[in-house]
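Quick notes on the structure that follows.
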Amino acid sequence: MKVKFNVLLIGSGGREHAIAWKISQSSKLNKLICIPGNPGISSIAECINCSPDNHLEVLKIVVEYKIDIVVCGPEVPLANGIMDFLKYKVSDSCILIGPEQLGAQLESSKRFSKEFMLRHKIPTASYQSFNLAQLSDAKKFIQSMNTPIVLKADGLAAGKGVIICKDHTQANNEIEEMLNGKFGEASTEVVIEEFLKGIEFSYFVLTDGNEFIELPEAKDYKRIGEQDTGLNTGGMGSISPVSFVDDQLREKVRIKIINPTIQGLKKENIPYQGFIFFGLIKVENEPYVIEYNCRLGDPETESIMLRIKNDLIDLFVACGNNQLGTVKMEFNNEFAATVFLVSKGYPGEIEKDKMISNYNLDNYSSKVFHAGTRYAEEKLLTQGGRVIAISSLASTKQEAVALSLDLAEKIQYDGKYYRRDIGFDL
Ligand code: AMP
Ligand code: GLY
């Protein structure tokens with residue numbers, strides 16, 4: 001039985017920094033490699049500048065560094081088949097955490113995921129799916145719906161492919177634009193679905209395709225403005241646990257959503273080893289699926305990594321050996337809160353290359369996770385919309401948020417913006 005493991009982590013965001021941090025805490029870790037990584041990750045792992053879509057290069061790294069476990073953070077490399085490629089090329093003992101293309105369709109095709117839910121009677125908004133040749137049918141369907149109406153590009157659109165239309169006119173205009181390429185390839189097919197009114201939360205499992213373990217739930221804050229106003233972003237912060245997710249709701253999620261999802265994958269011979277992220281909404285005490293993702297959430301991961309007590313490598317090894325049923329999950333019962341610092345202009349056009357100062361602030365209860373940062377001549381610069389996530393753990397939600405806000409204040413760069421009200425609605 002192996003006692004020390006070499007791990008390759010794929011990705012470069014705040015989620016991957018949080019995963020890397022948690023892996024780096026493991027007593028079972030020999031070496032952590034990250035491609036391409038980021039400045040924060042480079043302080044705890046060896047970062048190699050390799051594109052996750054360059055499959056041959058990735059394979060070379062797996063072989064050269066005698067990698068035992070490959071973990072993929074983001075969805076795009078999974079949808080592009082990194083795991084399909086590695087599966088037949090790496091040794092049998094190498095554990096791959098992340099699904100192959102077939103399973104990744106849960107996220108990469110809204111139509112696939114809606115049809116899957118329908119087949120397995122998993123609660124979700126009612127819908128129909130259309131292509132350009134069916135535009136007039138799509139408009140007829142729109143006319144038959146109550147407002148608001150939700151339009152979703154079928155493919156991956158970097159979190160931008162969902163439009164909530166307040167009336168039929170807007171929906172008719174949008175469907176036409178979408179089917180005519182508003183989101184490129186991603187919107188050659190569009191799902192039109194019923195609007196669900198409720199409160200959203202994020203639920204995560206790690207599965208080997210047969211058994212699964214549940215991770216802490218979280219809630220993310222997607223809007224740029226306080227009180228959930230303004231444009232959608234990649235996520236401005238998160239909280240875990242979520243106060244309204246009680247044992248009764250958890251049981252419903254397990255019975256009505258997780259079990260039939262895992263069983264459904266199995267019945268359809270879709271192999272799945274990795275994380276499933278259930279984007280859920282509670283409508284009058286019943287959980288519905290808004291979307292599936294084939295990975296962990298960002299910025300939920302930054303919060304939940306602080307609460308998981310288990311050694312992450314143990315979980316990956318159990319997953320790879322089909323032993324998840326023997327794992328007992330242990331969570332810290334305190335509250336984790338993540339506050340994201342973003343660039344001026346985000347989520348629109350942003351200003352980049354601002355020098356960041358006073359960012360080495362990790363302490364016992366707070367972690368500074370890099371997302372859109374880069375080094376240039378030993379200076380740390382901003383390079384993305386979402387720059388740094390600050391995650392804190394404390395005995396109350398208010399305290400956890402206050403700890404993160406305290407560091408948010410201290411880290412400096414021109415145009416820094418963040419929400420001060422993460423968790424306001426809980
Ligand atoms: P998605 O990319 O599918 O997660 O959608 C982005 C966001 O749009 C979700 O987080 C929800 O806030 C919202 N949304 C998507 N589908 C629905 C729906 N059927 N009803 C209400 N809101 C939705
Ligand atoms: N926080 C939502 C996502 O990662 O898609």
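Going through the structure tokens in order, the chains are called A, B, and so on, while each chain numbers its residues from 1 and the ligands are numbered from 1 in the order shown.
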Env. residues ligand 2 / 10 Å / only C-alpha atoms and all ligand atoms / as a ChimeraX atom specification: /A:15,74-75,107,158-159,201-202,218-222,233-238,277-279,291-301
Please identify every residue of chain A that has at least one atom no farther than 6 Å from an atom of ligand 1, counting only C-alpha atoms and all ligand atoms, and for each give the shortest atom pair and the distance in Å to one decimal, arranged by chain then increasing number, as JSON lines.
{"residue": "A:Ala125", "atom": "CA", "partner": "ligand 1", "partner_atom_place_in_ligand_line": "19 (N)", "distance": 5.3}
{"residue": "A:Val150", "atom": "CA", "partner": "ligand 1", "partner_atom_place_in_ligand_line": "19 (N)", "distance": 5.9}
{"residue": "A:Gly159", "atom": "CA", "partner": "ligand 1", "partner_atom_place_in_ligand_line": "2 (O)", "distance": 5.4}
{"residue": "A:Val162", "atom": "CA", "partner": "ligand 1", "partner_atom_place_in_ligand_line": "5 (O)", "distance": 5.3}
{"residue": "A:Glu193", "atom": "CA", "partner": "ligand 1", "partner_atom_place_in_ligand_line": "19 (N)", "distance": 5.7}
{"residue": "A:Glu194", "atom": "CA", "partner": "ligand 1", "partner_atom_place_in_ligand_line": "19 (N)", "distance": 5.3}
{"residue": "A:Phe195", "atom": "CA", "partner": "ligand 1", "partner_atom_place_in_ligand_line": "20 (N)", "distance": 3.6}
{"residue": "A:Leu196", "atom": "CA", "partner": "ligand 1", "partner_atom_place_in_ligand_line": "20 (N)", "distance": 3.7}
{"residue": "A:Lys197", "atom": "CA", "partner": "ligand 1", "partner_atom_place_in_ligand_line": "21 (C)", "distance": 5.9}
{"residue": "A:Ile290", "atom": "CA", "partner": "ligand 1", "partner_atom_place_in_ligand_line": "16 (N)", "distance": 5.2}
{"residue": "A:Glu291", "atom": "CA", "partner": "ligand 1", "partner_atom_place_in_ligand_line": "3 (O)", "distance": 4.8}
Create the file for the chosen residues now, containing C-alpha atoms and written as an mmCIF file, in the first residue's frame.
data_model
loop_
_atom_site.group_PDB
_atom_site.id
_atom_site.type_symbol
_atom_site.label_atom_id
_atom_site.label_comp_id
_atom_site.auth_asym_id
_atom_site.auth_seq_id
_atom_site.Cartn_x
_atom_site.Cartn_y
_atom_site.Cartn_z
ATOM 1 C CA ALA A 125 -37.803 23.102 -14.279
ATOM 2 C CA VAL A 150 -35.343 31.232 -18.852
ATOM 3 C CA GLY A 159 -21.262 31.149 -17.060
ATOM 4 C CA VAL A 162 -28.317 31.910 -19.242
ATOM 5 C CA GLU A 193 -37.353 26.555 -19.388
ATOM 6 C CA GLU A 194 -39.789 27.507 -16.688
ATOM 7 C CA PHE A 195 -38.580 30.036 -14.109
ATOM 8 C CA LEU A 196 -38.351 28.604 -10.610
ATOM 9 C CA LYS A 197 -38.822 30.947 -7.685
ATOM 10 C CA ILE A 290 -31.032 24.298 -11.718
ATOM 11 C CA GLU A 291 -27.901 22.829 -13.233
#
Residues near stretch 181-183 of chain A, cut-off 9 Å, only C-alpha atoms, skip fewer than 5 positions along chain, as a list in words: Ala153, Gly155, Ala157, Lys160, Gly161, Glu174, Glu176 and Thr188 of chain A
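Proximity of A:Gly198, A:Asp228, A:Lys352, A:Ala371 to A:Leu280, computed with only C-alpha atoms, is greatest for A:Gly198.
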Distance query A:Val253 at most 10 Å, only C-alpha atoms, self and fewer than 2 positions along chain excluded, as JSON, numbers by chain: {"A": [123, 203, 245, 247, 248, 249, 250, 251, 255, 256, 257, 258, 259, 278, 280, 282, 286, 287, 288, 289]}
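Distances here use only C-alpha atoms; by that measure, the residue among A:Ile192, A:Ser91, A:Ile41, A:Asn49 closest to A:Arg111 is A:Ile192.
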Residue with smallest distance to A:Ile390 - pool A:Ile82, A:Gln105, A:Gly14, A:Ile313, counting only C-alpha atoms: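 Using only C-alpha atoms, the shortest distance to A:Ile390 belongs to A:Gly14.
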DSSP strand (DSSP E) residues within stretch 251-423 of chain A, as a PyMOL selection string: chain A and resi 274-283+286-293+335-342+366-370+373-376+379-382+386-394
Could you please take those selected residues and save N, CA and C atoms as a compact mmCIF listing (two decimals), in the first residue's frame?
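Output below, filename out20.txt:
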# COMPACT_ATOMS: atom_id res chain seq x y z
N GLY A 274 -15.36 11.42 -10.00
CA GLY A 274 -15.02 12.83 -9.77
C GLY A 274 -16.11 13.53 -8.99
N PHE A 275 -16.05 14.85 -9.03
CA PHE A 275 -17.02 15.65 -8.29
C PHE A 275 -18.26 15.88 -9.14
N ILE A 276 -19.41 15.92 -8.49
CA ILE A 276 -20.61 16.48 -9.12
C ILE A 276 -21.09 17.62 -8.25
N PHE A 277 -21.34 18.74 -8.90
CA PHE A 277 -21.82 19.95 -8.25
C PHE A 277 -23.28 20.09 -8.67
N PHE A 278 -24.18 20.02 -7.70
CA PHE A 278 -25.60 20.18 -7.97
C PHE A 278 -25.96 21.63 -7.65
N GLY A 279 -26.31 22.40 -8.66
CA GLY A 279 -26.81 23.76 -8.44
C GLY A 279 -28.30 23.60 -8.16
N LEU A 280 -28.70 23.82 -6.91
CA LEU A 280 -30.07 23.51 -6.50
C LEU A 280 -30.85 24.76 -6.13
N ILE A 281 -32.17 24.63 -6.16
CA ILE A 281 -33.03 25.72 -5.70
C ILE A 281 -34.11 25.10 -4.83
N LYS A 282 -34.36 25.75 -3.70
CA LYS A 282 -35.41 25.26 -2.80
C LYS A 282 -36.68 26.03 -3.13
N VAL A 283 -37.70 25.30 -3.61
CA VAL A 283 -38.99 25.92 -3.92
C VAL A 283 -39.99 25.31 -2.95
N GLU A 286 -38.99 22.07 -1.36
CA GLU A 286 -38.61 20.96 -2.25
C GLU A 286 -37.39 21.38 -3.06
N PRO A 287 -36.37 20.50 -3.14
CA PRO A 287 -35.20 20.84 -3.95
C PRO A 287 -35.40 20.52 -5.43
N TYR A 288 -34.97 21.41 -6.31
CA TYR A 288 -34.97 21.20 -7.76
C TYR A 288 -33.55 21.46 -8.26
N VAL A 289 -33.21 20.79 -9.37
CA VAL A 289 -31.89 21.02 -9.96
C VAL A 289 -31.98 22.18 -10.96
N ILE A 290 -31.17 23.20 -10.74
CA ILE A 290 -31.03 24.30 -11.72
C ILE A 290 -30.02 23.88 -12.76
N GLU A 291 -28.93 23.30 -12.30
CA GLU A 291 -27.90 22.83 -13.23
C GLU A 291 -26.99 21.83 -12.54
N TYR A 292 -26.33 21.01 -13.37
CA TYR A 292 -25.25 20.16 -12.89
C TYR A 292 -23.94 20.78 -13.34
N ASN A 293 -22.90 20.61 -12.54
CA ASN A 293 -21.55 20.90 -13.01
C ASN A 293 -20.70 19.67 -12.73
N PHE A 335 -18.49 28.31 10.71
CA PHE A 335 -18.91 28.94 9.45
C PHE A 335 -17.70 29.38 8.65
N ALA A 336 -17.76 29.13 7.35
CA ALA A 336 -16.73 29.64 6.45
C ALA A 336 -17.36 30.71 5.57
N ALA A 337 -16.63 31.81 5.37
CA ALA A 337 -17.11 32.89 4.50
C ALA A 337 -15.99 33.30 3.56
N THR A 338 -16.33 33.41 2.27
CA THR A 338 -15.36 33.85 1.26
C THR A 338 -15.81 35.18 0.67
N VAL A 339 -14.88 36.11 0.60
CA VAL A 339 -15.14 37.41 -0.03
C VAL A 339 -14.16 37.54 -1.19
N PHE A 340 -14.68 37.81 -2.40
CA PHE A 340 -13.82 37.93 -3.57
C PHE A 340 -13.49 39.40 -3.85
N LEU A 341 -12.20 39.68 -4.00
CA LEU A 341 -11.77 41.01 -4.44
C LEU A 341 -11.72 40.97 -5.96
N VAL A 342 -12.36 41.94 -6.61
CA VAL A 342 -12.38 41.94 -8.07
C VAL A 342 -11.80 43.24 -8.62
N SER A 366 -7.85 32.73 8.57
CA SER A 366 -8.15 33.26 7.24
C SER A 366 -7.11 32.83 6.22
N LYS A 367 -7.57 32.53 5.00
CA LYS A 367 -6.66 32.15 3.91
C LYS A 367 -6.87 33.10 2.74
N VAL A 368 -5.76 33.47 2.11
CA VAL A 368 -5.81 34.34 0.93
C VAL A 368 -5.57 33.45 -0.29
N PHE A 369 -6.60 33.26 -1.11
CA PHE A 369 -6.48 32.40 -2.30
C PHE A 369 -6.40 33.26 -3.56
N HIS A 370 -5.36 33.01 -4.35
CA HIS A 370 -5.18 33.79 -5.59
C HIS A 370 -6.08 33.26 -6.70
N THR A 373 -4.20 36.66 -10.59
CA THR A 373 -2.98 37.40 -10.26
C THR A 373 -1.83 36.84 -11.11
N ARG A 374 -0.79 37.64 -11.29
CA ARG A 374 0.43 37.12 -11.93
C ARG A 374 1.63 37.87 -11.39
N TYR A 375 2.78 37.21 -11.46
CA TYR A 375 4.02 37.87 -11.06
C TYR A 375 4.66 38.52 -12.27
N ALA A 376 5.20 39.71 -12.09
CA ALA A 376 6.03 40.32 -13.12
C ALA A 376 7.18 40.97 -12.37
N LYS A 379 6.91 41.44 -8.72
CA LYS A 379 5.74 42.19 -8.23
C LYS A 379 4.49 41.37 -8.55
N LEU A 380 3.51 41.46 -7.66
CA LEU A 380 2.25 40.76 -7.91
C LEU A 380 1.28 41.74 -8.57
N LEU A 381 0.74 41.34 -9.74
CA LEU A 381 -0.18 42.20 -10.48
C LEU A 381 -1.55 41.55 -10.65
N THR A 382 -2.57 42.39 -10.83
CA THR A 382 -3.90 41.85 -11.13
C THR A 382 -3.91 41.45 -12.59
N ARG A 386 -11.76 38.47 -11.37
CA ARG A 386 -11.72 38.07 -9.96
C ARG A 386 -10.26 37.88 -9.58
N VAL A 387 -9.81 38.61 -8.60
CA VAL A 387 -8.37 38.70 -8.31
C VAL A 387 -7.95 37.79 -7.17
N ILE A 388 -8.57 37.98 -6.00
CA ILE A 388 -8.16 37.24 -4.80
C ILE A 388 -9.41 36.90 -4.00
N ALA A 389 -9.46 35.66 -3.51
CA ALA A 389 -10.55 35.26 -2.61
C ALA A 389 -10.00 35.17 -1.20
N ILE A 390 -10.75 35.70 -0.26
CA ILE A 390 -10.31 35.61 1.14
C ILE A 390 -11.36 34.78 1.87
N SER A 391 -10.89 33.68 2.47
CA SER A 391 -11.81 32.76 3.14
C SER A 391 -11.46 32.65 4.62
N SER A 392 -12.48 32.75 5.45
CA SER A 392 -12.24 32.70 6.90
C SER A 392 -13.20 31.75 7.57
N LEU A 393 -12.74 31.24 8.70
CA LEU A 393 -13.54 30.30 9.48
C LEU A 393 -13.73 30.89 10.88
N ALA A 394 -14.97 30.87 11.37
CA ALA A 394 -15.23 31.40 12.71
C ALA A 394 -16.52 30.76 13.25
Residues flagged helix (DSSP H, G or I) by DSSP in stretch 181-287 of chain A, as number ranges by chain: A: 184-187, 247-267
Nearest candidate to A:Met83 (options A:Asn285, A:Ser144, A:Gln273, A:Asn360; using only C-alpha atoms):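 That would be A:Gln273, the residue with the smallest distance to A:Met83.
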Within 9 Å of A:Leu315 using only C-alpha atoms, minus same-chain residues under 4 positions, as number ranges by chain: A: 206, 213, 310-311, 319-320, 324, 327
Interatomic distance (Å, one decimal) between atom CA of A:Ser187 and atom CA of A:Ile175: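 Straight-line distance from atom CA of A:Ser187 to atom CA of A:Ile175 works out to 9.4 Å.
Considering only C-alpha atoms, the residue among A:Glu211, A:Glu217, A:Glu284, A:Glu302 positioned nearest to A:Thr261 is A:Glu211.
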Stretch 55-68 of chain A environment, 12 Å, only C-alpha atoms, sequence neighbours closer than 3 positions dropped, as number ranges by chain: A: 2-10, 28-36, 46-52, 71-72, 77-78, 80-97, 313, 316-317, 320
Can I get the selected residues back with N, CA and C atoms, as a compact mmCIF listing (two decimals), in the first residue's frame?
# COMPACT_ATOMS: atom_id res chain seq x y z
N LYS A 2 0.64 2.11 -0.94
CA LYS A 2 1.43 3.33 -1.06
C LYS A 2 1.14 4.27 0.12
N VAL A 3 2.15 4.95 0.60
CA VAL A 3 1.90 5.87 1.72
C VAL A 3 2.05 7.33 1.34
N LYS A 4 2.82 7.61 0.27
CA LYS A 4 3.00 9.00 -0.17
C LYS A 4 2.62 9.11 -1.64
N PHE A 5 1.99 10.21 -1.98
CA PHE A 5 1.45 10.33 -3.34
C PHE A 5 1.93 11.60 -4.04
N ASN A 6 2.14 11.46 -5.34
CA ASN A 6 2.41 12.63 -6.18
C ASN A 6 1.10 13.03 -6.83
N VAL A 7 0.74 14.29 -6.69
CA VAL A 7 -0.56 14.74 -7.19
C VAL A 7 -0.37 15.81 -8.26
N LEU A 8 -1.13 15.66 -9.35
CA LEU A 8 -1.16 16.71 -10.38
C LEU A 8 -2.53 17.38 -10.34
N LEU A 9 -2.52 18.68 -10.14
CA LEU A 9 -3.77 19.44 -10.09
C LEU A 9 -3.83 20.32 -11.35
N ILE A 10 -4.99 20.30 -12.02
CA ILE A 10 -5.15 21.10 -13.24
C ILE A 10 -6.02 22.31 -12.93
N LYS A 28 0.00 12.62 3.51
CA LYS A 28 0.25 11.60 2.48
C LYS A 28 0.84 12.20 1.20
N LEU A 29 1.04 13.52 1.22
CA LEU A 29 1.53 14.17 -0.01
C LEU A 29 3.04 14.03 -0.13
N ASN A 30 3.49 13.56 -1.29
CA ASN A 30 4.92 13.61 -1.58
C ASN A 30 5.21 14.88 -2.36
N LYS A 31 4.57 15.03 -3.54
CA LYS A 31 4.83 16.21 -4.36
C LYS A 31 3.54 16.67 -5.03
N LEU A 32 3.34 17.98 -5.02
CA LEU A 32 2.16 18.55 -5.69
C LEU A 32 2.62 19.37 -6.88
N ILE A 33 2.08 19.02 -8.06
CA ILE A 33 2.38 19.76 -9.29
C ILE A 33 1.07 20.41 -9.73
N CYS A 34 1.15 21.62 -10.25
CA CYS A 34 -0.07 22.24 -10.75
C CYS A 34 0.18 22.80 -12.14
N ILE A 35 -0.74 22.53 -13.08
CA ILE A 35 -0.65 23.15 -14.40
C ILE A 35 -1.90 23.97 -14.66
N PRO A 36 -1.84 25.22 -15.09
CA PRO A 36 -0.62 26.02 -15.03
C PRO A 36 -0.39 26.64 -13.66
N GLU A 46 4.66 22.92 -7.23
CA GLU A 46 5.47 23.28 -8.40
C GLU A 46 4.52 23.55 -9.55
N CYS A 47 4.54 24.78 -10.06
CA CYS A 47 3.65 25.11 -11.17
C CYS A 47 4.40 24.95 -12.48
N ILE A 48 3.75 24.29 -13.44
CA ILE A 48 4.36 24.10 -14.76
C ILE A 48 3.45 24.76 -15.79
N ASN A 49 4.06 25.59 -16.61
CA ASN A 49 3.27 26.33 -17.58
C ASN A 49 2.91 25.45 -18.76
N CYS A 50 1.83 24.72 -18.60
CA CYS A 50 1.40 23.78 -19.65
C CYS A 50 -0.10 23.93 -19.78
N SER A 51 -0.60 23.99 -21.01
CA SER A 51 -2.04 24.09 -21.19
C SER A 51 -2.68 22.73 -20.93
N PRO A 52 -3.75 22.71 -20.13
CA PRO A 52 -4.45 21.45 -19.86
C PRO A 52 -5.01 20.82 -21.13
N VAL A 71 -6.11 15.53 -10.51
CA VAL A 71 -7.37 16.18 -10.14
C VAL A 71 -7.59 17.36 -11.08
N CYS A 72 -8.76 17.39 -11.73
CA CYS A 72 -9.03 18.51 -12.63
C CYS A 72 -10.00 19.47 -11.97
N PRO A 77 -11.26 21.62 -19.50
CA PRO A 77 -10.40 20.49 -19.86
C PRO A 77 -11.16 19.16 -19.84
N LEU A 78 -12.13 19.03 -18.93
CA LEU A 78 -12.92 17.79 -18.86
C LEU A 78 -13.79 17.65 -20.10
N ASN A 80 -13.16 18.90 -22.85
CA ASN A 80 -12.26 18.68 -23.99
C ASN A 80 -11.57 17.31 -23.95
N GLY A 81 -11.95 16.51 -22.97
CA GLY A 81 -11.52 15.11 -23.02
C GLY A 81 -10.17 14.78 -22.41
N ILE A 82 -9.70 15.58 -21.47
CA ILE A 82 -8.40 15.27 -20.86
C ILE A 82 -8.41 13.89 -20.19
N MET A 83 -9.52 13.56 -19.51
CA MET A 83 -9.56 12.28 -18.79
C MET A 83 -9.71 11.11 -19.76
N ASP A 84 -10.45 11.30 -20.87
CA ASP A 84 -10.57 10.25 -21.89
C ASP A 84 -9.18 9.90 -22.42
N PHE A 85 -8.39 10.97 -22.63
CA PHE A 85 -7.05 10.77 -23.17
C PHE A 85 -6.15 10.05 -22.17
N LEU A 86 -6.18 10.54 -20.92
CA LEU A 86 -5.26 9.97 -19.92
C LEU A 86 -5.62 8.52 -19.56
N LYS A 87 -6.93 8.26 -19.54
CA LYS A 87 -7.41 6.96 -19.04
C LYS A 87 -6.65 5.77 -19.63
N TYR A 88 -6.44 5.77 -20.93
CA TYR A 88 -5.81 4.61 -21.56
C TYR A 88 -4.30 4.74 -21.68
N LYS A 89 -3.76 5.88 -21.21
CA LYS A 89 -2.33 6.10 -21.39
C LYS A 89 -1.54 6.01 -20.08
N VAL A 90 -2.20 6.31 -18.97
CA VAL A 90 -1.47 6.28 -17.70
C VAL A 90 -1.57 4.88 -17.09
N SER A 91 -0.77 4.61 -16.07
CA SER A 91 -0.80 3.27 -15.48
C SER A 91 -2.13 3.06 -14.76
N ASP A 92 -2.51 1.79 -14.58
CA ASP A 92 -3.79 1.46 -13.97
C ASP A 92 -3.93 2.04 -12.57
N SER A 93 -2.79 2.21 -11.89
CA SER A 93 -2.87 2.65 -10.50
C SER A 93 -3.07 4.17 -10.38
N CYS A 94 -2.93 4.89 -11.49
CA CYS A 94 -3.08 6.35 -11.43
C CYS A 94 -4.57 6.71 -11.30
N ILE A 95 -4.90 7.49 -10.28
CA ILE A 95 -6.30 7.83 -9.99
C ILE A 95 -6.67 9.14 -10.70
N LEU A 96 -7.75 9.10 -11.48
CA LEU A 96 -8.18 10.30 -12.21
C LEU A 96 -9.43 10.85 -11.54
N ILE A 97 -9.35 12.07 -11.03
CA ILE A 97 -10.50 12.71 -10.38
C ILE A 97 -11.07 13.75 -11.34
N ILE A 313 -6.35 13.61 0.16
CA ILE A 313 -5.72 12.48 -0.55
C ILE A 313 -6.41 11.17 -0.17
N PHE A 316 -9.47 10.93 -2.30
CA PHE A 316 -9.18 10.60 -3.70
C PHE A 316 -8.80 9.11 -3.83
N VAL A 317 -8.01 8.63 -2.87
CA VAL A 317 -7.58 7.22 -2.93
C VAL A 317 -8.80 6.32 -2.75
N GLY A 320 -10.67 6.31 -5.98
CA GLY A 320 -10.00 5.51 -7.01
C GLY A 320 -10.08 4.02 -6.76
